[in-house]
Amino acid sequence: VSNNDTTASVITPDADDAPSVTPSRASANRERIAGLLGAGIALATTELVAGIWARVPSLIESVGEAVIDLSPSAVVKFGISTFGTNDKPALAVGIVVISVVAGAALGRSAKARPWFAPIAMSVAAGVGIAAAIRNPLVSGGWAVIAAVTGVVAGTAALRYILGLGTSASAPAAATEDRRRFVLSTAGGLGVVLAAPLIGRRLAKRHTVEAARAQIDLSAIASPSTLPPVTTVPRGSAIEGLTPLYVPNDEFYRIDTAFTIPQVDPATWSMRIKGMVDNELTFTLDDLLARATTQADVTLSCVSNRIGGDLVGNARWTGVPLQDLLDEAGVQPGGTQIMSRSVDDFTAGFPTSLAGDGRTALVAIGMNGEPLPTRHGFPARLVVAGIYGYVSATKWLSEIEINDFESVDGYWIPRGWSKEGPIKTQSRIDVPREQVAAGTVTIAGVAWAPIRGISAVEVRIDDGPWTEVTLGPDIGEESWIQWWHDVELVPGRYVVTVRATDGTGAVQTDVVTRPAPNGAAGHHSKTISVAEV
Ligand SMILES: Nc1nc2c(c(=O)[nH]1)N[C@H]1C(S)=C(S)[C@@H](COP(=O)(O)O)O[C@H]1N2
Ligand SMILES: [Mo]
């Protein structure tokens, strides 16, 4: 190993007889490693204590939530579109990387200014606490406990590892010292990697999954008069075609929550307040006793791109919102139904929509099961025909009746339209890309809640629009499956789809981006048909 190999010089005995510059480089590297491990151990400990005690928040999560909250919406959308559903893990990795890099820099200053590292770590901890108490579910005292534990553990680790290098002067002692340094570093690294994993594992005990499993919807839901949950009545189902009802664990998820709120159904209640004659509070048992309405509704995200999959159809069980509002007595001027979640997301839509005949539910069930935690357990709103960002609040905590003109929900000041009717859309699911020549099945879904779909047409290259077969019609609030068989010889083709809604309006081919009120335009797909 050569002496000017700086990385190796940290750990190889050869460094013993190195010129004087190398030991100082080696010690600089030691300081960096000590700082990096100090920061890593600080973070790892906070994760561990957050796992051990349910009330102690994870500071990494808290900072992640605050970053999402404070970022311009364009950055959040970029994050979601770049990292997909991994956007939150990606953000967590980013936070950890920045922290340990900063820690490495801190390590360099630790010998000359021993007070500096603890102060800098405390400042970082303060940021964590500030981020944590933004979350209404977190109490500050517990965040402080996590932060202090982290700073103490991080400072101690930093001091210990740095202290290992100070006394050695004789070569033998230096070798022994190096050995201890390597061992401690490896041990520290082990803690940094293992503690968060253990913490995460332990944190799973705090989920409400067990309480959720106790809830039996089959007892309260009235026997359905709706058609059974099916895919396609067509000999064999078309492979790759989206099911009519998307299974809960495949249903798209969009929200601003860094970690899924764990809401204890035993203590949860929702309040109806604001411009009403009587403010009312409902527990989950109250809702279970009234939840006899089932409806099939397609939910869509306003940021769904043409051909995108931020859309899904499910059978929802719940209580008609209008029933609850009638009991509360909406006052004149109460023109907006604004729902709020336990983590302070808000969404608002005109009061008139809840009573215009469309499905508008306080939903507690999804496809025959209690709402999954990712989809809003114990209760959420489902309102047919409008995008999720103005209506579909998950982890519901209250419904406030207020003035539509003067109060805005979460996404409105971030550049999205005040009203969000879902645009008519259609999507090609199959074929995926490559198919064999002969009879080729083209299939997909089309939706225009609450207008319904009356026809779907496809076109190959610049050919004529051809009407296709529609799947089972489960109502105007849901999407519909469609399929079409066509004979194709080898080659490349562009397939395009368009839908006609229940009013006879044909889906526009004018392309608009998702912002501010939903994407429009036709979905096209290039398929390559190969020799058999
Ligand atoms: N509490 C909460 N509810 C929320 C959101 C959110 O960020 N927080 N996002 C909304 C948006 S933008 C959409 S598209 C739907 C998505 O619902 P899903 O995740 O069940 O598919 O939830 C809505 N409800
Ligand atoms: Mo959305």
# chains A, B, ... in the order shown; residues from 1 in each chain; ligands from 1
call {"tool": "closest_atom_pairs", "arguments": {"of": "chain A", "to": "ligand 1", "cutoff": "8 Å", "atoms": "only C-alpha atoms and all ligand atoms", "output": "CSV"}}
result
residue,atom,partner,partner_atom_place_in_ligand_line,distance
A:Phe251,CA,ligand 1,21 (O),6.2
A:Tyr252,CA,ligand 1,21 (O),4.7
A:Arg253,CA,ligand 1,19 (O),3.3
A:Ile254,CA,ligand 1,19 (O),4.2
A:Asp255,CA,ligand 1,7 (O),3.1
A:Thr256,CA,ligand 1,7 (O),3.9
A:Ala257,CA,ligand 1,7 (O),6.1
A:Leu299,CA,ligand 1,21 (O),6.8
A:Ser300,CA,ligand 1,14 (S),5.6
A:Cys301,CA,ligand 1,14 (S),3.5
A:Val302,CA,ligand 1,14 (S),6.4
A:Ser303,CA,ligand 1,14 (S),7.7
A:Leu310,CA,ligand 1,14 (S),7.2
A:Val311,CA,ligand 1,21 (O),7.2
A:Gly312,CA,ligand 1,21 (O),7.3
A:Arg340,CA,ligand 1,1 (N),7.1
A:Ser341,CA,ligand 1,1 (N),4.7
A:Val342,CA,ligand 1,1 (N),7.0
A:Asp343,CA,ligand 1,1 (N),6.5
A:Asp344,CA,ligand 1,1 (N),7.1
A:Phe345,CA,ligand 1,1 (N),5.0
A:Thr346,CA,ligand 1,2 (C),7.2
A:Ala347,CA,ligand 1,24 (N),7.8
A:Arg374,CA,ligand 1,19 (O),6.7
A:His375,CA,ligand 1,20 (O),4.1
A:Gly376,CA,ligand 1,20 (O),6.8
A:Arg380,CA,ligand 1,3 (N),7.6
A:Leu381,CA,ligand 1,24 (N),8.0
A:Tyr387,CA,ligand 1,14 (S),6.3
A:Gly388,CA,ligand 1,13 (C),3.8
A:Tyr389,CA,ligand 1,12 (S),3.7
A:Val390,CA,ligand 1,10 (C),7.4
A:Ser391,CA,ligand 1,23 (C),6.8
A:Ala392,CA,ligand 1,23 (C),4.4
A:Thr393,CA,ligand 1,3 (N),3.7
A:Lys394,CA,ligand 1,3 (N),3.8
A:Trp395,CA,ligand 1,1 (N),5.4
A:Leu396,CA,ligand 1,1 (N),6.7
call {"tool": "closest_residue", "arguments": {"among": "A:Ala455, A:Ser352, A:Phe258, A:Val101", "to": "Ala505 in chain A", "atoms": "only C-alpha atoms"}}
result
A:Ala455
call {"tool": "select_by_dssp", "arguments": {"residues": "range 406-509 of chain A", "states": "strand (DSSP E or B)", "output": "number ranges by chain"}}
result
A: 421, 425-430, 434-436, 438-447, 453-460, 466-467, 469-470, 480-488, 491-501, 506
call {"tool": "write_last_selection", "arguments": {"atoms": "C-alpha atoms", "output": "mmCIF file, in the first residue's frame"}}
result
data_model
loop_
_atom_site.group_PDB
_atom_site.id
_atom_site.type_symbol
_atom_site.label_atom_id
_atom_site.label_comp_id
_atom_site.auth_asym_id
_atom_site.auth_seq_id
_atom_site.Cartn_x
_atom_site.Cartn_y
_atom_site.Cartn_z
ATOM 1 C CA PRO A 421 -64.591 18.461 -11.472
ATOM 2 C CA GLN A 425 -60.465 10.448 -19.538
ATOM 3 C CA SER A 426 -59.629 7.104 -21.091
ATOM 4 C CA ARG A 427 -56.560 4.924 -20.856
ATOM 5 C CA ILE A 428 -55.043 2.049 -22.817
ATOM 6 C CA ASP A 429 -53.829 -0.739 -20.498
ATOM 7 C CA VAL A 430 -53.093 -3.510 -23.028
ATOM 8 C CA GLN A 434 -44.919 -5.928 -27.820
ATOM 9 C CA VAL A 435 -47.463 -8.407 -29.161
ATOM 10 C CA ALA A 436 -47.556 -11.199 -31.672
ATOM 11 C CA GLY A 438 -52.753 -11.814 -35.571
ATOM 12 C CA THR A 439 -55.678 -10.949 -33.330
ATOM 13 C CA VAL A 440 -54.529 -8.238 -30.945
ATOM 14 C CA THR A 441 -56.648 -7.203 -27.965
ATOM 15 C CA ILE A 442 -56.582 -3.534 -27.090
ATOM 16 C CA ALA A 443 -58.201 -2.785 -23.730
ATOM 17 C CA GLY A 444 -58.380 -0.245 -20.943
ATOM 18 C CA VAL A 445 -60.614 1.883 -18.784
ATOM 19 C CA ALA A 446 -62.526 5.140 -19.283
ATOM 20 C CA TRP A 447 -64.116 7.437 -16.738
ATOM 21 C CA ILE A 453 -69.373 6.919 -20.198
ATOM 22 C CA SER A 454 -71.600 6.279 -23.209
ATOM 23 C CA ALA A 455 -68.984 5.192 -25.750
ATOM 24 C CA VAL A 456 -65.288 4.524 -26.204
ATOM 25 C CA GLU A 457 -63.500 4.610 -29.555
ATOM 26 C CA VAL A 458 -60.024 3.631 -30.643
ATOM 27 C CA ARG A 459 -58.039 4.570 -33.654
ATOM 28 C CA ILE A 460 -54.977 2.943 -35.147
ATOM 29 C CA THR A 466 -63.909 2.646 -34.170
ATOM 30 C CA GLU A 467 -66.361 2.035 -31.357
ATOM 31 C CA THR A 469 -66.986 -3.070 -26.551
ATOM 32 C CA LEU A 470 -67.790 -1.748 -23.098
ATOM 33 C CA ILE A 480 -65.860 1.369 -17.261
ATOM 34 C CA GLN A 481 -63.631 -1.245 -18.837
ATOM 35 C CA TRP A 482 -63.430 -1.481 -22.622
ATOM 36 C CA TRP A 483 -61.799 -3.807 -25.122
ATOM 37 C CA HIS A 484 -61.397 -4.296 -28.840
ATOM 38 C CA ASP A 485 -59.941 -7.065 -30.994
ATOM 39 C CA VAL A 486 -58.137 -6.089 -34.154
ATOM 40 C CA GLU A 487 -56.158 -8.023 -36.769
ATOM 41 C CA LEU A 488 -52.635 -6.655 -37.100
ATOM 42 C CA GLY A 491 -45.155 -3.428 -37.666
ATOM 43 C CA ARG A 492 -45.369 -0.456 -35.335
ATOM 44 C CA TYR A 493 -48.690 1.206 -34.652
ATOM 45 C CA VAL A 494 -49.901 4.164 -32.642
ATOM 46 C CA VAL A 495 -53.143 3.335 -30.860
ATOM 47 C CA THR A 496 -55.253 6.196 -29.528
ATOM 48 C CA VAL A 497 -58.381 6.108 -27.369
ATOM 49 C CA ARG A 498 -61.141 8.598 -26.634
ATOM 50 C CA ALA A 499 -64.346 8.430 -24.632
ATOM 51 C CA THR A 500 -67.756 10.039 -24.918
ATOM 52 C CA ASP A 501 -69.389 10.931 -21.630
ATOM 53 C CA VAL A 506 -66.493 13.679 -26.740
#
call {"tool": "closest_residue", "arguments": {"among": "A:Trp53, A:Arg305, A:Phe83, A:Thr155", "to": "Val511 in chain A", "atoms": "only C-alpha atoms"}}
result
A:Arg305
call {"tool": "closest_residue", "arguments": {"among": "A:Pro57, A:Pro332, A:Pro378, A:Gly103", "to": "Asp285 in chain A", "atoms": "only C-alpha atoms"}}
result
A:Pro378
call {"tool": "closest_residue", "arguments": {"among": "A:Ala210, A:Ala379, A:Val151, A:Ala34", "to": "Met270 in chain A", "atoms": "only C-alpha atoms"}}
result
A:Ala379
call {"tool": "atom_distance", "arguments": {"atom1": "CA of Ala360 in chain A", "atom2": "CA of Pro136 in chain A"}}
result
27.1 Å
call {"tool": "closest_residue", "arguments": {"among": "A:Leu288, A:Leu321, A:Ala195, A:Val138", "to": "Gly51 in chain A", "atoms": "only C-alpha atoms"}}
result
A:Ala195
call {"tool": "closest_residue", "arguments": {"among": "A:Asn402, A:Asn304, A:Ser58, A:Thr293", "to": "ligand 2", "atoms": "only C-alpha atoms and all ligand atoms"}}
result
A:Asn304
